[in-house]
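As stored in work-v3.txt (compact mmCIF, C-alpha atoms):
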```txt
# COMPACT_ATOMS: atom_id res chain seq x y z
CA MET A 10 0.00 0.00 0.00
CA ILE A 11 1.40 3.34 -1.01
CA PRO A 12 0.29 6.67 0.44
CA THR A 13 -1.13 9.41 -1.78
CA GLN A 14 1.24 12.01 -3.18
CA VAL A 15 2.55 14.39 -0.59
CA GLU A 16 5.09 17.17 -0.26
CA TYR A 17 7.71 16.99 2.47
CA HIS A 18 9.27 19.60 4.75
CA ARG A 19 11.97 19.20 7.36
CA PRO A 20 12.07 22.19 9.73
CA LYS A 21 15.05 22.52 12.08
CA THR A 22 13.28 24.32 14.93
CA ILE A 23 9.88 24.28 16.61
CA ALA A 24 9.29 27.85 15.39
CA GLU A 25 9.94 26.83 11.78
CA ALA A 26 7.59 23.87 12.13
CA LEU A 27 4.84 26.09 13.53
CA GLU A 28 5.26 28.58 10.67
CA LEU A 29 4.89 25.78 8.13
CA LEU A 30 1.85 24.45 9.97
CA GLN A 31 0.31 27.93 10.00
CA LYS A 32 1.01 28.32 6.28
CA PHE A 33 -0.49 25.01 5.15
CA GLY A 34 -3.35 24.75 7.63
CA GLU A 35 -5.47 21.63 7.39
CA ASP A 36 -3.51 20.34 4.36
CA ALA A 37 -0.55 19.59 6.65
CA LYS A 38 0.21 16.76 9.04
CA ILE A 39 3.01 16.56 11.56
CA LEU A 40 5.30 13.55 11.04
CA ALA A 41 7.55 12.40 13.89
CA GLY A 42 8.15 8.65 14.28
CA GLY A 43 5.41 8.02 11.73
CA HIS A 44 4.19 4.89 13.48
CA SER A 45 0.61 6.14 13.73
CA LEU A 46 0.52 8.44 10.70
CA ILE A 47 2.17 6.27 8.05
CA PRO A 48 -0.12 3.25 8.59
CA ALA A 49 -3.08 5.68 8.37
CA MET A 50 -1.67 7.22 5.18
CA LYS A 51 -1.16 3.77 3.62
CA LEU A 52 -4.80 2.92 4.28
CA ARG A 53 -5.77 6.37 2.90
CA LEU A 54 -7.44 7.16 6.21
CA SER A 55 -5.17 10.18 6.23
CA THR A 56 -4.31 11.99 2.99
CA PRO A 57 -2.28 15.07 3.88
CA ALA A 58 -0.90 17.19 1.03
CA GLN A 59 2.02 18.37 3.16
CA LEU A 60 4.15 16.52 5.68
CA ILE A 61 6.11 18.47 8.27
CA ASP A 62 8.79 16.15 9.65
CA ILE A 63 9.71 17.23 13.19
CA ALA A 64 11.87 14.17 13.94
CA ASN A 65 15.08 16.14 13.46
CA ILE A 66 14.27 18.99 15.83
CA PRO A 67 16.68 18.48 18.74
CA ASP A 68 14.57 20.60 21.13
CA LEU A 69 11.73 18.07 20.97
CA THR A 70 13.65 15.08 22.33
CA GLY A 71 14.63 13.90 25.76
CA ILE A 72 13.33 13.41 29.29
CA ASP A 73 14.09 16.03 31.96
CA ASP A 74 13.83 15.87 35.75
CA GLU A 75 12.47 19.28 36.80
CA GLY A 76 12.31 18.68 40.54
CA ASP A 77 8.61 18.44 41.31
CA HIS A 78 7.72 17.13 37.87
CA ILE A 79 9.16 15.22 34.94
CA VAL A 80 9.10 16.61 31.41
CA ILE A 81 8.88 14.12 28.58
CA TRP A 82 9.42 15.89 25.27
CA ALA A 83 6.94 14.90 22.56
CA GLY A 84 9.64 13.37 20.36
CA ALA A 85 10.77 10.88 23.03
CA LYS A 86 10.56 7.32 21.73
CA HIS A 87 8.58 4.67 23.62
CA GLY A 88 11.73 2.57 24.07
CA GLU A 89 13.66 5.53 25.47
CA ILE A 90 10.91 6.14 28.04
CA ALA A 91 10.78 2.43 28.97
CA SER A 92 14.48 2.44 29.86
CA SER A 93 14.69 5.91 31.44
CA TYR A 94 16.09 5.79 34.96
CA THR A 95 14.18 8.95 35.95
CA ILE A 96 10.88 7.48 34.79
CA LYS A 97 11.50 4.09 36.41
CA GLU A 98 12.39 5.72 39.71
CA HIS A 99 9.28 7.91 39.99
CA LEU A 100 6.60 6.53 37.67
CA ASN A 101 6.78 2.79 37.33
CA MET A 102 3.54 2.52 35.33
CA VAL A 103 4.86 4.93 32.70
CA ALA A 104 7.97 2.79 32.17
CA GLU A 105 5.91 -0.42 32.24
CA ALA A 106 3.39 0.87 29.72
CA ALA A 107 6.16 2.16 27.43
CA GLY A 108 7.73 -1.30 27.39
CA MET A 109 4.40 -2.89 26.42
CA ILE A 110 3.66 -0.65 23.42
CA GLY A 111 3.69 -2.53 20.12
CA ASP A 112 6.96 -4.41 19.74
CA VAL A 113 10.64 -3.53 19.80
CA GLN A 114 10.52 -2.13 16.26
CA VAL A 115 7.63 0.20 17.15
CA ARG A 116 9.25 1.24 20.44
CA ASN A 117 12.48 2.12 18.63
CA PHE A 118 10.83 4.78 16.46
CA GLY A 119 7.29 5.59 17.67
CA THR A 120 7.00 8.76 19.79
CA ILE A 121 4.85 9.56 22.79
CA GLY A 122 3.72 12.86 21.27
CA GLY A 123 2.62 11.15 18.07
CA SER A 124 0.66 8.52 19.94
CA LEU A 125 -1.09 11.09 22.15
CA ALA A 126 -1.95 13.39 19.24
CA HIS A 127 -3.29 10.44 17.22
CA ALA A 128 -5.57 9.40 20.13
CA ASP A 129 -6.23 5.84 19.06
CA PRO A 130 -8.77 4.50 21.59
CA ALA A 131 -6.68 1.33 21.97
CA ALA A 132 -3.38 3.16 22.52
CA ASP A 133 -1.71 2.78 25.91
CA TRP A 134 -0.37 6.31 26.54
CA PRO A 135 -3.66 8.23 26.91
CA ALA A 136 -4.90 6.18 29.88
CA VAL A 137 -1.49 6.22 31.54
CA MET A 138 -1.28 10.00 31.20
CA ILE A 139 -4.75 10.45 32.70
CA ALA A 140 -3.87 8.22 35.65
CA ALA A 141 -0.58 10.11 36.09
CA ASP A 142 -2.44 13.47 36.07
CA ALA A 143 -0.22 14.73 33.25
CA THR A 144 -0.46 18.14 31.63
CA PHE A 145 0.33 18.68 27.96
CA VAL A 146 2.08 21.74 26.57
CA ILE A 147 0.74 22.77 23.18
CA ALA A 148 2.54 25.30 21.00
CA SER A 149 1.33 27.48 18.13
CA THR A 150 2.62 30.65 16.44
CA SER A 151 0.66 32.65 19.01
CA GLY A 152 2.35 31.04 22.02
CA GLU A 153 1.92 28.10 24.35
CA ARG A 154 -1.00 26.75 26.32
CA LYS A 155 -1.44 23.87 28.75
CA VAL A 156 -4.20 21.31 28.91
CA ALA A 157 -4.81 18.49 31.40
CA ALA A 158 -4.60 14.98 29.96
CA ALA A 159 -8.15 14.33 31.20
CA ASP A 160 -9.45 17.21 29.03
CA PHE A 161 -7.24 16.51 26.00
CA PHE A 162 -8.94 13.36 24.69
CA GLN A 163 -12.36 14.12 23.24
CA GLY A 164 -13.33 10.97 21.36
CA LEU A 165 -12.29 8.49 18.71
CA PHE A 166 -9.07 9.98 17.26
CA MET A 167 -10.27 13.38 18.50
CA THR A 168 -8.25 15.66 20.73
CA ASP A 169 -8.17 19.23 21.96
CA LEU A 170 -5.42 20.04 19.41
CA ASN A 171 -6.48 22.78 17.00
CA GLU A 172 -5.22 23.55 13.51
CA GLY A 173 -1.77 25.10 13.71
CA GLU A 174 -0.86 23.52 17.05
CA ILE A 175 1.85 21.02 18.00
CA LEU A 176 2.00 18.99 21.20
CA THR A 177 5.52 19.67 22.46
CA GLN A 178 5.85 18.52 26.08
CA ILE A 179 4.26 16.23 28.61
CA HIS A 180 4.56 17.33 32.25
CA ILE A 181 3.99 14.64 34.87
CA PRO A 182 3.94 15.57 38.56
CA LYS A 183 6.23 13.42 40.68
CA PRO A 184 4.02 11.44 43.03
CA PRO A 185 4.84 11.32 46.77
CA ALA A 186 7.61 8.92 47.82
CA GLY A 187 6.24 5.43 48.34
CA THR A 188 3.62 5.74 45.57
CA LYS A 189 3.11 2.52 43.65
CA SER A 190 1.86 2.42 40.08
CA THR A 191 1.38 -0.17 37.38
CA TYR A 192 -0.09 -0.82 33.94
CA GLU A 193 -1.84 -4.08 33.10
CA LYS A 194 -2.83 -4.85 29.55
CA PHE A 195 -4.87 -7.45 27.70
CA VAL A 196 -3.21 -7.31 24.33
CA GLN A 197 -4.44 -7.84 20.79
CA PRO A 198 -1.76 -10.33 19.72
CA ALA A 199 -1.15 -9.07 16.18
CA SER A 200 -1.22 -5.29 16.58
CA ARG A 201 -0.31 -5.39 20.27
CA PHE A 202 -2.75 -2.56 20.91
CA ALA A 203 -4.80 -2.78 24.13
CA ILE A 204 -8.12 -4.59 24.08
CA VAL A 205 -8.15 -3.45 27.70
CA GLY A 206 -5.39 -1.49 29.44
CA CYS A 207 -5.62 -0.47 33.09
CA ALA A 208 -3.30 2.16 34.59
CA ALA A 209 -3.43 2.43 38.37
CA MET A 210 -1.51 4.30 41.03
CA SER A 211 -1.80 4.47 44.79
CA ASP A 212 0.04 6.92 47.06
CA PRO A 213 1.08 6.03 50.64
CA ASP A 214 -2.27 7.34 51.93
CA CYS A 215 -4.06 4.98 49.51
CA ASN A 216 -5.33 7.78 47.29
CA VAL A 217 -5.91 5.78 44.13
CA ARG A 218 -6.20 6.84 40.49
CA VAL A 219 -7.38 4.37 37.85
CA ALA A 220 -7.74 4.91 34.10
CA PHE A 221 -8.60 2.65 31.18
CA ALA A 222 -7.42 2.33 27.58
CA GLY A 223 -9.15 0.30 24.90
CA VAL A 224 -12.46 0.04 26.73
CA SER A 225 -14.34 3.07 25.43
CA SER A 226 -13.97 5.34 22.39
CA LYS A 227 -11.83 7.61 24.55
CA PRO A 228 -9.62 6.87 27.54
CA PHE A 229 -11.22 7.66 30.88
CA ARG A 230 -10.52 7.92 34.57
CA ASP A 231 -12.63 5.40 36.45
CA THR A 232 -13.88 7.37 39.44
CA GLY A 233 -16.40 4.60 40.17
CA ILE A 234 -13.58 2.25 41.12
CA GLU A 235 -11.70 4.98 43.01
CA GLU A 236 -14.73 5.93 45.10
CA ALA A 237 -15.64 2.33 45.82
CA LEU A 238 -12.13 1.69 47.14
CA ALA A 239 -12.29 4.70 49.46
CA GLY A 240 -8.69 4.16 50.52
CA ASP A 241 -9.24 0.54 51.53
CA MET A 242 -6.66 -1.51 49.64
CA THR A 243 -7.57 -4.90 51.09
CA ALA A 244 -8.16 -7.82 48.73
CA SER A 245 -11.91 -7.92 49.37
CA SER A 246 -12.30 -4.17 48.87
CA ILE A 247 -10.29 -4.34 45.62
CA GLU A 248 -12.42 -7.22 44.36
CA ALA A 249 -15.64 -5.28 45.03
CA ALA A 250 -14.29 -2.04 43.53
CA ALA A 251 -12.89 -3.74 40.41
CA ASN A 252 -16.36 -5.15 39.74
CA LYS A 253 -17.50 -1.56 39.20
CA ALA A 254 -15.07 -1.11 36.27
CA ALA A 255 -16.49 0.99 33.44
CA GLU A 256 -19.87 1.36 35.15
CA GLY A 257 -21.96 3.93 33.32
CA VAL A 258 -19.42 4.07 30.48
CA SER A 259 -20.23 3.23 26.87
CA VAL A 260 -18.02 0.22 26.09
CA MET A 261 -16.73 -0.54 22.59
CA SER A 262 -17.54 -3.71 20.71
CA ASP A 263 -15.55 -4.99 17.73
CA HIS A 264 -14.43 -8.26 16.12
CA PHE A 265 -11.74 -8.72 18.79
CA ALA A 266 -14.02 -8.38 21.81
CA SER A 267 -17.75 -7.85 22.35
CA GLU A 268 -18.98 -5.20 24.74
CA LYS A 269 -19.81 -7.84 27.34
CA TYR A 270 -16.42 -9.51 27.10
CA ARG A 271 -14.55 -6.19 27.20
CA ARG A 272 -16.46 -5.13 30.29
CA HIS A 273 -15.56 -8.42 31.95
CA ILE A 274 -11.88 -8.08 31.00
CA ALA A 275 -11.87 -4.51 32.36
CA LYS A 276 -12.93 -5.87 35.78
CA VAL A 277 -10.29 -8.61 35.68
CA TYR A 278 -7.50 -6.22 34.69
CA ALA A 279 -8.57 -3.57 37.22
CA LYS A 280 -8.31 -6.21 39.92
CA ARG A 281 -4.90 -7.40 38.68
CA ALA A 282 -3.54 -3.86 38.52
CA LEU A 283 -4.86 -2.87 41.96
CA MET A 284 -3.60 -6.06 43.60
CA LYS A 285 -0.10 -5.19 42.37
CA LEU A 286 -0.28 -1.94 44.37
CA VAL A 287 -0.97 -3.62 47.70
CA MET B 2 8.13 16.12 -6.74
CA LYS B 3 11.22 14.02 -6.09
CA ILE B 4 13.59 15.05 -3.33
CA PRO B 5 17.33 14.27 -3.16
CA VAL B 6 18.39 11.86 -0.41
CA THR B 7 21.59 10.20 0.72
CA ILE B 8 20.96 6.82 2.30
CA THR B 9 23.73 4.42 3.25
CA VAL B 10 22.68 0.81 2.80
CA ASN B 11 24.99 -1.95 4.03
CA GLY B 12 27.90 0.47 4.02
CA LYS B 13 27.30 1.76 0.49
CA LYS B 14 26.16 5.35 0.08
CA HIS B 15 23.26 5.91 -2.33
CA GLU B 16 22.75 9.48 -3.53
CA THR B 17 19.45 9.51 -5.36
CA GLU B 18 16.00 11.08 -5.51
CA VAL B 19 12.78 9.72 -4.07
CA GLU B 20 9.15 10.70 -4.04
CA PRO B 21 8.29 11.66 -0.45
CA ARG B 22 5.58 8.97 -0.31
CA THR B 23 7.99 6.13 -1.16
CA LEU B 24 8.21 3.68 1.72
CA LEU B 25 11.67 2.57 2.80
CA VAL B 26 10.86 -1.07 1.99
CA HIS B 27 9.93 -0.14 -1.60
CA PHE B 28 13.05 1.99 -1.92
CA LEU B 29 15.15 -1.04 -0.94
CA ARG B 30 13.29 -3.58 -3.06
CA GLU B 31 12.46 -1.52 -6.15
CA ASN B 32 14.98 1.33 -6.39
CA LEU B 33 17.97 -0.71 -5.16
CA ALA B 34 16.70 -4.17 -6.26
CA MET B 35 17.52 -5.58 -2.82
CA THR B 36 14.66 -8.03 -2.39
CA GLY B 37 15.88 -9.77 0.75
CA THR B 38 13.67 -7.47 2.80
CA HIS B 39 10.15 -8.87 2.46
CA VAL B 40 6.71 -7.29 2.48
CA GLY B 41 4.39 -9.49 4.52
CA CYS B 42 1.36 -7.90 6.11
CA ASP B 43 2.14 -4.33 5.00
CA THR B 44 0.34 -3.13 8.15
CA SER B 45 3.23 -2.84 10.64
CA SER B 46 2.39 -6.13 12.35
CA CYS B 47 4.35 -9.07 10.91
CA GLY B 48 7.95 -7.83 10.94
CA ALA B 49 9.01 -9.51 7.66
CA CYS B 50 10.25 -6.09 6.47
CA THR B 51 12.49 -5.49 9.50
CA VAL B 52 15.81 -3.77 8.78
CA LEU B 53 18.20 -1.89 11.05
CA LEU B 54 18.19 1.91 10.92
CA ASP B 55 21.28 3.29 12.66
CA GLY B 56 21.49 -0.13 14.34
CA LYS B 57 17.88 -0.27 15.59
CA ALA B 58 15.25 -2.70 14.32
CA LEU B 59 12.63 -0.95 12.19
CA LYS B 60 9.62 -2.11 10.20
CA SER B 61 10.62 -0.64 6.86
CA CYS B 62 6.98 -0.66 5.64
CA THR B 63 6.29 1.94 8.34
CA MET B 64 8.85 4.54 7.40
CA LEU B 65 9.24 6.75 4.37
CA ALA B 66 12.55 6.44 2.56
CA ILE B 67 12.98 10.18 2.98
CA GLN B 68 12.99 9.75 6.78
CA ALA B 69 16.13 7.61 6.35
CA ASP B 70 17.93 10.48 4.62
CA GLY B 71 21.43 10.83 6.05
CA ARG B 72 21.12 7.60 8.00
CA GLU B 73 22.44 4.04 7.77
CA VAL B 74 20.31 1.06 6.85
CA THR B 75 21.39 -2.55 7.30
CA THR B 76 19.42 -5.24 5.48
CA ILE B 77 19.71 -9.02 5.41
CA GLU B 78 22.01 -8.64 2.38
CA GLY B 79 24.49 -6.84 4.63
CA MET B 80 24.76 -9.57 7.25
CA ALA B 81 27.05 -12.15 5.59
CA GLN B 82 30.63 -10.98 5.16
CA ASP B 83 32.97 -12.32 2.45
CA ASP B 84 30.68 -15.28 1.73
CA LYS B 85 30.68 -16.20 5.42
CA LEU B 86 27.27 -16.29 7.03
CA HIS B 87 26.67 -13.99 9.99
CA PRO B 88 26.53 -16.00 13.25
CA ILE B 89 22.77 -15.35 13.45
CA GLN B 90 22.29 -16.72 9.94
CA GLN B 91 24.52 -19.65 10.85
CA GLY B 92 22.34 -20.23 13.91
CA PHE B 93 19.22 -20.45 11.71
CA HIS B 94 21.10 -22.93 9.49
CA GLU B 95 22.31 -25.10 12.37
CA LYS B 96 19.02 -25.17 14.26
CA HIS B 97 16.63 -25.34 11.30
CA GLY B 98 15.23 -21.94 12.20
CA LEU B 99 13.27 -21.65 8.97
CA GLN B 100 10.69 -23.59 7.06
CA CYS B 101 9.28 -21.50 4.19
CA GLY B 102 11.82 -18.76 4.92
CA PHE B 103 9.55 -15.78 4.32
CA CYS B 104 9.84 -14.35 7.83
CA THR B 105 13.54 -15.21 8.17
CA PRO B 106 15.15 -11.92 7.05
CA GLY B 107 13.02 -10.00 9.55
CA MET B 108 13.73 -12.54 12.30
CA VAL B 109 17.48 -12.27 11.69
CA MET B 110 17.43 -8.46 11.76
CA THR B 111 15.36 -8.30 14.95
CA ALA B 112 17.72 -10.84 16.52
CA ALA B 113 20.64 -8.59 15.53
CA ASP B 114 19.05 -5.67 17.42
CA LEU B 115 18.41 -7.92 20.44
CA LEU B 116 21.92 -9.37 20.61
CA ALA B 117 23.50 -5.93 20.21
CA ASN B 118 21.66 -4.75 23.34
CA ASN B 119 21.50 -8.01 25.27
CA PRO B 120 24.36 -10.38 24.31
CA LYS B 121 23.11 -13.27 26.45
CA PRO B 122 19.32 -13.16 26.42
CA SER B 123 17.18 -15.71 28.25
CA GLU B 124 14.58 -17.69 26.31
CA THR B 125 11.88 -15.39 27.71
CA GLU B 126 13.81 -12.31 26.58
CA ILE B 127 14.20 -13.77 23.09
CA ARG B 128 10.49 -14.52 22.85
CA HIS B 129 9.65 -11.01 24.11
CA ALA B 130 11.99 -9.49 21.51
CA LEU B 131 10.26 -11.45 18.73
CA GLU B 132 6.77 -10.15 19.57
CA GLY B 133 6.79 -8.06 16.41
CA ASN B 134 7.87 -10.87 14.09
CA PHE B 135 5.39 -13.51 12.94
CA CYS B 136 6.27 -16.94 11.57
CA ARG B 137 3.25 -18.30 9.72
CA CYS B 138 4.85 -21.78 9.71
CA THR B 139 4.71 -21.32 13.51
CA GLY B 140 8.33 -22.41 13.74
CA TYR B 141 9.09 -20.30 16.79
CA HIS B 142 10.70 -23.10 18.78
CA ASN B 143 13.59 -23.50 16.37
CA ILE B 144 13.84 -19.76 15.79
CA VAL B 145 14.43 -19.26 19.51
CA GLU B 146 17.04 -22.05 19.48
CA SER B 147 18.72 -20.46 16.44
CA ILE B 148 19.10 -17.17 18.29
CA GLN B 149 20.39 -18.95 21.41
CA HIS B 150 22.92 -20.73 19.19
CA ALA B 151 23.97 -17.40 17.68
CA ALA B 152 24.25 -15.74 21.11
CA HIS B 153 26.48 -18.58 22.26
CA ALA B 154 28.65 -18.41 19.12
CA MET B 155 29.00 -14.63 19.36
CA ASN B 156 29.37 -14.16 23.09
CA GLY B 157 30.24 -17.52 24.59
```

Let's see the structure in the file written out as C-alpha cells.
Amino acid sequence: MIPTQVEYHRPKTIAEALELLQKFGEDAKILAGGHSLIPAMKLRLSTPAQLIDIANIPDLTGIDDEGDHIVIWAGAKHGEIASSYTIKEHLNMVAEAAGMIGDVQVRNFGTIGGSLAHADPAADWPAVMIAADATFVIASTSGERKVAAADFFQGLFMTDLNEGEILTQIHIPKPPAGTKSTYEKFVQPASRFAIVGCAAMSDPDCNVRVAFAGVSSKPFRDTGIEEALAGDMTASSIEAAANKAAEGVSVMSDHFASEKYRRHIAKVYAKRALMKLV
Amino acid sequence: MKIPVTITVNGKKHETEVEPRTLLVHFLRENLAMTGTHVGCDTSSCGACTVLLDGKALKSCTMLAIQADGREVTTIEGMAQDDKLHPIQQGFHEKHGLQCGFCTPGMVMTAADLLANNPKPSETEIRHALEGNFCRCTGYHNIVESIQHAAHAMNG
C-alpha cells in the first residue's frame, strides 16, 4: 500500500515547524516517528498534502527531571521512556506501559507525542497519562497553552489540538515517595494494541487513580472504582471495587471483543492492577 | 516532486532522488533491487520487512525512505561478510530456524538488534523481543534455538 502524493518539509526548529503548519493549515500533518501516521496514510485514512517532519528537531527530544515534575518531550521514543532511569524511579507505570507498546521495532521509532496526538482509543499512553495526572504543553505561532490529559482526549481519534498547534511537552507531577503504580494490559496479539489497558496508582495514603485504555472510544478515569475503594486496599475491597469497572461508560464492541467480554476483562484487569499496588 | 536523499545501505552510500511517499521497503526492493527485505502484512504487524536503521530494528513498511535520509540502513544482504554467514544466519542454518523462509530476514534483523543490546538473552527475553515478528509456519521453537545458538557463538 502506497500513500497518496505528498510534499515533504523538514524544519530545524519548533518555530519553523509552527510557521509551516500555519502556512499550510489543514492540508498539513506533523510527522515524527510516523508509526501512527504512516499506517493511516497507507490505508488512505489520512491523505495530507504536506508533511512536516519534526523528527530532526533536537529541542523536541529527551526526558528532563524538573524537581517536582518530569518533562517528557513529545519526540521521546517509547523505548527511550521504557528504559529511562528517571521514569522508572518515579513513575513505574509509565515505564511499564512504554515497554508494552507494540513491539521492539515500534518502540524504537514511535514517539509519545505522536501517539497522544493520534488518540487511538486502543493506545496505551492516553490512559497512563490520565492516571498520572499529566499536563500537555501545546505550542502554536501565538504562544503556548497547557491542557490536562483528562481534558485533552475528546473521542475516537479526536483531541483538543487545533489547527496550527503542536503537542511539544508532557509534564507529569512526581508522586509522593512510596507511591506505587502499574499498567496491566490485555493485548491484541497481532497489533499489540490494548483490548483493555488499566493504569493504576496508589500513594502512601491509599489515594488511588485508575484509568482505562481500549475500553471506550476515549480513555477515561474510572472514578467509580476509586470511590468504591475509598482508601481501603484490602483484597476484598479491591475485588468489590474492580467489579464496578467501566460502570456507566459506553463500552466498545468490535471483532476482537464484544462489549460484554470487554467489560468483563476490564474488571479482571482492574483487579490485577490494583492487587499489584498492595 | 522528487527530493534528493543520501541513504547508506549496508555500508554503500546511495545518492538519489525519491518521491516523499515512497516507503523505505519499496526503496530497498524496487529502487535498489535488494529483495531480501520482504513485504508481509504491509500493516506494521508481521515484521518480515524489518531492517536496522542506525542499528535499531525498524519495520521498513512503516517509514518513508525520505525519513532515512542521512542515516544508515542494514538489510539481510548486509549480514554475511565475504561469503561467510553472519553467526545469526549460521544459527538459523544449524538449528533449522526456517521452514518456508519468508519471515527469516526479519527474524534475523530483529535478533541482531536484540543481541547488540542483550548479548546473552534468556529464552523469555528472546520470545519477548520477537513479539513483532510472525512466523506463519509457527516455527518459533527453532527460531528461539537459532538465536540462542547465535548468542552462544557470538558471546560464549

If you count all atoms listed in the file, which residues fall within 8 Å of segment 140-157 of chain B, apart from same-chain ones fewer than 5 positions away, as a list in words? Pro88, Ile89, Gln90, Gln91, Gly92, Phe93, His94, Glu95, Lys96, His97, Gly98, Leu99, Gln100, Ala112, Leu116, Pro120, Lys121, Pro122, Glu124, Ile127 and Arg128 of chain B

Put those residues in a file: C-alpha atoms, as a tab-separated table (two decimals), in the coordinates of the input.
```
chain	number	residue	atom	x	y	z
B	88	PRO	CA	26.53	-16.00	13.25
B	89	ILE	CA	22.77	-15.35	13.45
B	90	GLN	CA	22.29	-16.72	9.94
B	91	GLN	CA	24.52	-19.65	10.85
B	92	GLY	CA	22.34	-20.23	13.91
B	93	PHE	CA	19.22	-20.45	11.71
B	94	HIS	CA	21.10	-22.93	9.49
B	95	GLU	CA	22.31	-25.10	12.37
B	96	LYS	CA	19.02	-25.17	14.26
B	97	HIS	CA	16.63	-25.34	11.30
B	98	GLY	CA	15.23	-21.94	12.20
B	99	LEU	CA	13.27	-21.65	8.97
B	100	GLN	CA	10.69	-23.59	7.06
B	112	ALA	CA	17.72	-10.84	16.52
B	116	LEU	CA	21.92	-9.37	20.61
B	120	PRO	CA	24.36	-10.38	24.31
B	121	LYS	CA	23.11	-13.27	26.45
B	122	PRO	CA	19.32	-13.16	26.42
B	124	GLU	CA	14.58	-17.69	26.31
B	127	ILE	CA	14.20	-13.77	23.09
B	128	ARG	CA	10.49	-14.52	22.85
```

Could you please determine the separation between atom CA of Leu25 of chain B and atom CA of Gly41 of chain B in Å, to one decimal place?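 For atom CA of Leu25 of chain B relative to atom CA of Gly41 of chain B, the distance reads 14.2 Å.
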
Write out as an mmCIF file with C-alpha atoms, in the frame of the given file each polymer residue whose atoms come within 8 Å of Ala24 of chain A, counting all atoms listed in the file; drop sequence neighbours fewer than 3 positions from it.
```cif
data_model
loop_
_atom_site.group_PDB
_atom_site.id
_atom_site.type_symbol
_atom_site.label_atom_id
_atom_site.label_comp_id
_atom_site.auth_asym_id
_atom_site.auth_seq_id
_atom_site.Cartn_x
_atom_site.Cartn_y
_atom_site.Cartn_z
ATOM 1 C CA LEU A 27 4.840 26.090 13.530
ATOM 2 C CA GLU A 28 5.260 28.580 10.670
ATOM 3 C CA THR A 150 2.620 30.650 16.440
#
```

If the cut-off is 12 Å, can you tell me the residues of chain A near chain B, counting all atoms listed in the file? I'd like them as a ChimeraX atom specification. /A:10-19,40-52,56-65,88,108-119,196-202

B:Ala117, B:Val74, B:Met80, B:Cys104: which is nearest Cys50 of chain B, counting all atoms listed in the file?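 Closest candidate: B:Cys104.
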
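Of the residues under consideration (A:Arg271, A:Pro67, A:Gly122, A:Ala37), A:Arg271 shows the shortest atom-to-atom contact distance to Phe195 of chain A when counting all atoms listed in the file.
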
Need to verify the contact set: Ala128 of chain A, 12 Å, all atoms listed in the file, exclusion of same-chain residues closer than 6 positions in sequence. Can you return it as a tab-separated table (two decimals) with C-alpha atoms, keeping the file's coordinate frame?
```
chain	number	residue	atom	x	y	z
A	45	SER	CA	0.61	6.14	13.73
A	46	LEU	CA	0.52	8.44	10.70
A	121	ILE	CA	4.85	9.56	22.79
A	122	GLY	CA	3.72	12.86	21.27
A	134	TRP	CA	-0.37	6.31	26.54
A	135	PRO	CA	-3.66	8.23	26.91
A	136	ALA	CA	-4.90	6.18	29.88
A	138	MET	CA	-1.28	10.00	31.20
A	158	ALA	CA	-4.60	14.98	29.96
A	161	PHE	CA	-7.24	16.51	26.00
A	162	PHE	CA	-8.94	13.36	24.69
A	163	GLN	CA	-12.36	14.12	23.24
A	164	GLY	CA	-13.33	10.97	21.36
A	165	LEU	CA	-12.29	8.49	18.71
A	166	PHE	CA	-9.07	9.98	17.26
A	167	MET	CA	-10.27	13.38	18.50
A	168	THR	CA	-8.25	15.66	20.73
A	169	ASP	CA	-8.17	19.23	21.96
A	170	LEU	CA	-5.42	20.04	19.41
A	222	ALA	CA	-7.42	2.33	27.58
A	223	GLY	CA	-9.15	0.30	24.90
A	226	SER	CA	-13.97	5.34	22.39
A	227	LYS	CA	-11.83	7.61	24.55
A	228	PRO	CA	-9.62	6.87	27.54
```

What's the separation between atom CA of Ile79 of chain A and atom CA of Lys183 of chain A, in Å to one decimal place?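 Taking atom CA of Ile79 of chain A and atom CA of Lys183 of chain A, their separation equals 6.7 Å.
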
Test item: which residues lie within 9 Å of (14.5, -10.1, 0.0) counting only C-alpha atoms, as a ChimeraX atom specification: /B:30,34-40,50,76-78,103,106

Which value, in Å to one decimal, gives the distance between atom CA of Ala104 of chain A and atom CA of Ile90 of chain A?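 We find that atom CA of Ala104 of chain A and atom CA of Ile90 of chain A lie 6.1 Å from each other.
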
Could you list as a PyMOL selection string every residue that has an atom within 12 Å of (14.1, 18.0, 38.6), using the file's coordinates and counting only C-alpha atoms? chain A and resi 72-81+95-96+99+180-183

Padding 6 Å on each side, edges along x, y and z: where is the centre of the box around the listed atoms of segment 24-31 of chain A, and how long are its edges in Å to one decimal? Output it as lines of an AutoDock Vina configuration file.
```
center_x = 5.1
center_y = 26.2
center_z = 11.8
size_x = 21.6
size_y = 16.7
size_z = 19.3
```
